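Colleague: To start, I am sharing the structure in question, which I have written as structure tokens.
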Amino acid sequence: SQKIEQNSEALNIQEGKTATLTCNYTNYSPAYLQWYRQDPGRGPVFLLLIRENEKEKRKERLKVTFDTTLKQSLFHITASQPADSATYLCALDSLSGGYNKLIFGAGTRLAVHP
Amino acid sequence: NAGVTQTPKFQVLKTGQSMTLQCAQDMNHNSMYWYRQDPGMGLRLIYYSASEGTTDKGEVPNGYNVSRLNKREFSLRLESAAPSQTSVYFCASLRGVGYNEQFFGPGTRLTVL
């Protein structure tokens, strides 16, 4: 069955450093991969989408890579700030009957310390 | 725009009680979704509605029913609540086919005793 793995342990980094989060998947060939941010007590918020034919996508301090051979996506936040502290979810997106459905990983909690 | 709204924010039920979780979106989106989120697990899709008038089962539909009342509203009903349904429930919407970003509501925290 389809499986998505994100590091369940929290990632603690110092302000100003680059945070790198990993998303691995098996038994699956997604058309897209998305990253969402979730703050405590709130719903996820969309950050970035990368398609299967794209190697890298950037948005301001965020960078996502997508390696379909390794079945892995890396999510980078450069020059991290305490405000970046949150849980980050990766989601695989495939078209099923023409309707987009997402399969989510459990998320990785990021804590950026001053 | 309020985006996606959900009511109630919190609810405590006894085993066997029923309730309906409400969701509404004001973005004129075609597709709507219900997820549940449990500790250590990813969001799991319960039901979705690709467009007004259609609903389909997701990954974990047992024990739930849904109604797409109109384009704006998508409700989730628990007919006979069980402790295993204790979770945080999120509603989401998506503009439609060809669009990929899902917009989530703030969630409903449900406890079944």
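Residue numbering restarts at 1 in every chain; chains get A, B, ... in the order shown in the structure tokens, and ligands count up from 1 in that same order.
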Can you write out as JSON lines which residues of chain A fall within 8 Å of chain B, alongside each residue's closest atom pair and its distance in Å to one decimal, counting only C-alpha atoms and ordering rows by chain and ascending residue number?
Modeller:
```
{"residue": "A:Ser8", "atom": "CA", "partner": "B:Gly40", "partner_atom": "CA", "distance": 7.6}
{"residue": "A:Gly41", "atom": "CA", "partner": "B:Pro106", "partner_atom": "CA", "distance": 7.4}
{"residue": "A:Arg42", "atom": "CA", "partner": "B:Pro106", "partner_atom": "CA", "distance": 4.9}
{"residue": "A:Gly43", "atom": "CA", "partner": "B:Pro106", "partner_atom": "CA", "distance": 4.8}
{"residue": "A:Pro44", "atom": "CA", "partner": "B:Phe104", "partner_atom": "CA", "distance": 6.1}
{"residue": "A:Val45", "atom": "CA", "partner": "B:Phe103", "partner_atom": "CA", "distance": 6.8}
{"residue": "A:Phe46", "atom": "CA", "partner": "B:Glu101", "partner_atom": "CA", "distance": 6.3}
{"residue": "A:Gly98", "atom": "CA", "partner": "B:Val97", "partner_atom": "CA", "distance": 6.7}
{"residue": "A:Tyr99", "atom": "CA", "partner": "B:Val97", "partner_atom": "CA", "distance": 6.2}
{"residue": "A:Asn100", "atom": "CA", "partner": "B:Asn100", "partner_atom": "CA", "distance": 6.9}
{"residue": "A:Leu102", "atom": "CA", "partner": "B:Leu45", "partner_atom": "CA", "distance": 7.9}
{"residue": "A:Ile103", "atom": "CA", "partner": "B:Arg44", "partner_atom": "CA", "distance": 7.1}
{"residue": "A:Phe104", "atom": "CA", "partner": "B:Gly42", "partner_atom": "CA", "distance": 5.0}
{"residue": "A:Gly105", "atom": "CA", "partner": "B:Gly42", "partner_atom": "CA", "distance": 4.7}
{"residue": "A:Ala106", "atom": "CA", "partner": "B:Gly42", "partner_atom": "CA", "distance": 3.7}
{"residue": "A:Gly107", "atom": "CA", "partner": "B:Gly42", "partner_atom": "CA", "distance": 6.9}
```
Colleague: Hey, can you spit out that residue selection with all heavy atoms as an mmCIF file, in the first residue's frame?
Modeller:
```cif
data_model
loop_
_atom_site.group_PDB
_atom_site.id
_atom_site.type_symbol
_atom_site.label_atom_id
_atom_site.label_comp_id
_atom_site.auth_asym_id
_atom_site.auth_seq_id
_atom_site.Cartn_x
_atom_site.Cartn_y
_atom_site.Cartn_z
ATOM 1 N N SER A 8 9.654 11.577 12.380
ATOM 2 C CA SER A 8 8.716 11.858 13.464
ATOM 3 C C SER A 8 9.372 12.648 14.592
ATOM 4 O O SER A 8 8.674 13.261 15.406
ATOM 5 C CB SER A 8 8.148 10.550 14.015
ATOM 6 O OG SER A 8 9.200 9.730 14.479
ATOM 7 N N GLY A 41 -3.190 23.826 16.742
ATOM 8 C CA GLY A 41 -4.586 24.214 16.845
ATOM 9 C C GLY A 41 -5.166 24.825 15.582
ATOM 10 O O GLY A 41 -6.267 25.389 15.626
ATOM 11 N N ARG A 42 -4.464 24.712 14.475
ATOM 12 C CA ARG A 42 -4.926 25.320 13.222
ATOM 13 C C ARG A 42 -4.880 24.307 12.084
ATOM 14 O O ARG A 42 -4.255 23.247 12.190
ATOM 15 C CB ARG A 42 -4.085 26.524 12.850
ATOM 16 C CG ARG A 42 -3.866 27.474 14.013
ATOM 17 C CD ARG A 42 -3.407 28.811 13.554
ATOM 18 N NE ARG A 42 -4.504 29.772 13.565
ATOM 19 C CZ ARG A 42 -4.335 31.063 13.382
ATOM 20 N NH1 ARG A 42 -3.158 31.548 13.125
ATOM 21 N NH2 ARG A 42 -5.359 31.882 13.429
ATOM 22 N N GLY A 43 -5.546 24.628 10.999
ATOM 23 C CA GLY A 43 -5.514 23.774 9.825
ATOM 24 C C GLY A 43 -4.250 23.987 9.012
ATOM 25 O O GLY A 43 -3.599 25.026 9.126
ATOM 26 N N PRO A 44 -3.869 23.004 8.192
ATOM 27 C CA PRO A 44 -2.699 23.153 7.334
ATOM 28 C C PRO A 44 -2.870 24.300 6.346
ATOM 29 O O PRO A 44 -3.982 24.598 5.909
ATOM 30 C CB PRO A 44 -2.627 21.807 6.609
ATOM 31 C CG PRO A 44 -3.377 20.851 7.468
ATOM 32 C CD PRO A 44 -4.476 21.663 8.094
ATOM 33 N N VAL A 45 -1.732 24.893 5.994
ATOM 34 C CA VAL A 45 -1.701 25.974 5.010
ATOM 35 C C VAL A 45 -0.726 25.581 3.902
ATOM 36 O O VAL A 45 0.416 25.194 4.179
ATOM 37 C CB VAL A 45 -1.273 27.308 5.651
ATOM 38 C CG1 VAL A 45 -1.125 28.387 4.581
ATOM 39 C CG2 VAL A 45 -2.271 27.740 6.706
ATOM 40 N N PHE A 46 -1.166 25.669 2.675
ATOM 41 C CA PHE A 46 -0.366 25.298 1.512
ATOM 42 C C PHE A 46 0.862 26.191 1.385
ATOM 43 O O PHE A 46 0.788 27.414 1.551
ATOM 44 C CB PHE A 46 -1.226 25.415 0.251
ATOM 45 C CG PHE A 46 -0.468 25.233 -1.033
ATOM 46 C CD1 PHE A 46 -0.191 23.966 -1.501
ATOM 47 C CD2 PHE A 46 -0.047 26.326 -1.760
ATOM 48 C CE1 PHE A 46 0.499 23.789 -2.689
ATOM 49 C CE2 PHE A 46 0.640 26.159 -2.954
ATOM 50 C CZ PHE A 46 0.916 24.885 -3.416
ATOM 51 N N GLY A 98 -10.163 11.958 -12.093
ATOM 52 C CA GLY A 98 -10.241 13.370 -12.423
ATOM 53 C C GLY A 98 -10.312 14.277 -11.210
ATOM 54 O O GLY A 98 -10.317 15.480 -11.342
ATOM 55 N N TYR A 99 -10.338 13.699 -10.013
ATOM 56 C CA TYR A 99 -10.462 14.530 -8.820
ATOM 57 C C TYR A 99 -9.211 14.414 -7.982
ATOM 58 O O TYR A 99 -8.714 13.330 -7.753
ATOM 59 C CB TYR A 99 -11.679 14.092 -8.005
ATOM 60 C CG TYR A 99 -12.933 14.048 -8.849
ATOM 61 C CD1 TYR A 99 -13.711 12.914 -8.902
ATOM 62 C CD2 TYR A 99 -13.311 15.141 -9.605
ATOM 63 C CE1 TYR A 99 -14.845 12.861 -9.672
ATOM 64 C CE2 TYR A 99 -14.447 15.097 -10.380
ATOM 65 C CZ TYR A 99 -15.221 13.958 -10.418
ATOM 66 O OH TYR A 99 -16.335 13.914 -11.184
ATOM 67 N N ASN A 100 -8.685 15.544 -7.528
ATOM 68 C CA ASN A 100 -7.456 15.541 -6.762
ATOM 69 C C ASN A 100 -7.688 15.047 -5.352
ATOM 70 O O ASN A 100 -8.535 15.551 -4.647
ATOM 71 C CB ASN A 100 -6.868 16.949 -6.696
ATOM 72 C CG ASN A 100 -6.354 17.411 -8.028
ATOM 73 O OD1 ASN A 100 -6.225 16.630 -8.951
ATOM 74 N ND2 ASN A 100 -6.063 18.683 -8.133
ATOM 75 N N LEU A 102 -5.401 13.941 -1.784
ATOM 76 C CA LEU A 102 -4.087 14.034 -1.145
ATOM 77 C C LEU A 102 -3.902 12.921 -0.133
ATOM 78 O O LEU A 102 -4.816 12.556 0.582
ATOM 79 C CB LEU A 102 -3.929 15.376 -0.434
ATOM 80 C CG LEU A 102 -3.846 16.625 -1.309
ATOM 81 C CD1 LEU A 102 -3.778 17.871 -0.435
ATOM 82 C CD2 LEU A 102 -2.643 16.550 -2.231
ATOM 83 N N ILE A 103 -2.677 12.394 -0.101
ATOM 84 C CA ILE A 103 -2.272 11.454 0.940
ATOM 85 C C ILE A 103 -1.179 12.155 1.735
ATOM 86 O O ILE A 103 -0.162 12.559 1.162
ATOM 87 C CB ILE A 103 -1.739 10.148 0.325
ATOM 88 C CG1 ILE A 103 -2.817 9.520 -0.536
ATOM 89 C CG2 ILE A 103 -1.302 9.191 1.418
ATOM 90 C CD1 ILE A 103 -2.310 8.363 -1.376
ATOM 91 N N PHE A 104 -1.398 12.296 3.042
ATOM 92 C CA PHE A 104 -0.496 13.086 3.872
ATOM 93 C C PHE A 104 0.464 12.235 4.677
ATOM 94 O O PHE A 104 0.120 11.152 5.148
ATOM 95 C CB PHE A 104 -1.305 13.933 4.867
ATOM 96 C CG PHE A 104 -1.934 15.147 4.276
ATOM 97 C CD1 PHE A 104 -3.167 15.082 3.665
ATOM 98 C CD2 PHE A 104 -1.287 16.378 4.331
ATOM 99 C CE1 PHE A 104 -3.748 16.200 3.117
ATOM 100 C CE2 PHE A 104 -1.853 17.511 3.785
ATOM 101 C CZ PHE A 104 -3.097 17.420 3.174
ATOM 102 N N GLY A 105 1.672 12.774 4.880
ATOM 103 C CA GLY A 105 2.575 12.226 5.868
ATOM 104 C C GLY A 105 2.178 12.746 7.248
ATOM 105 O O GLY A 105 1.347 13.658 7.366
ATOM 106 N N ALA A 106 2.771 12.166 8.294
ATOM 107 C CA ALA A 106 2.423 12.557 9.672
ATOM 108 C C ALA A 106 3.020 13.891 10.067
ATOM 109 O O ALA A 106 2.620 14.476 11.079
ATOM 110 C CB ALA A 106 2.857 11.470 10.644
ATOM 111 N N GLY A 107 3.985 14.382 9.296
ATOM 112 C CA GLY A 107 4.550 15.694 9.570
ATOM 113 C C GLY A 107 5.806 15.644 10.413
ATOM 114 O O GLY A 107 6.037 14.690 11.173
#
```
Colleague: Tyr25 (chain A): which residues within 7 Å, counting only C-alpha atoms, same-chain residues fewer than 3 positions away excluded, as a PDB file with C-alpha atoms, in the first residue's frame?
Modeller:
```
ATOM      1  CA  LYS A   3       3.215   4.903   2.399  1.00  0.00           C
ATOM      2  CA  ILE A   4       4.677   8.313   3.204  1.00  0.00           C
ATOM      3  CA  GLU A   5       7.378   8.747   5.817  1.00  0.00           C
ATOM      4  CA  TYR A  28       3.464   5.190  -5.239  1.00  0.00           C
ATOM      5  CA  LYS A  71      11.128   8.568  -4.139  1.00  0.00           C
ATOM      6  CA  GLN A  72      12.075  11.478  -1.939  1.00  0.00           C
TER       7      GLN A  72
END
```
Colleague: Quick one: residues within 8 Å of Tyr36 (chain A), only C-alpha atoms counted, chain neighbours fewer than 2 positions away excluded, as a ChimeraX atom specification?
Modeller: /A:34,38,44-48,88-91
Colleague: For CA of Asp67 (chain A) and CA of Arg37 (chain A), quote the distance in Å rounded to one decimal.
Modeller: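 A separation of 21.1 Å between them.
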Colleague: Using DSSP on the backbone coordinates, identify the residues of region 2-108 of chain B assigned to strand (DSSP E); present them as a ChimeraX atom specification.
Modeller: /B:4-7,10-13,19-25,31-37,44-49,56-57,64-68,74-78,87-94,103-104,108
Colleague: Out of A:Leu70, A:His76, A:Ser85, A:Asp93, which residue has the shortest atom-to-atom distance to Leu49 (chain A) when counting only C-alpha atoms?
Modeller: A:Asp93
Colleague: A:Lys101, A:Thr87, A:Trp35, A:Leu62: which is nearest Asn12 (chain A), counting only C-alpha atoms?
Modeller: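 With only C-alpha atoms as the atom set, the closest residue is A:Thr87.
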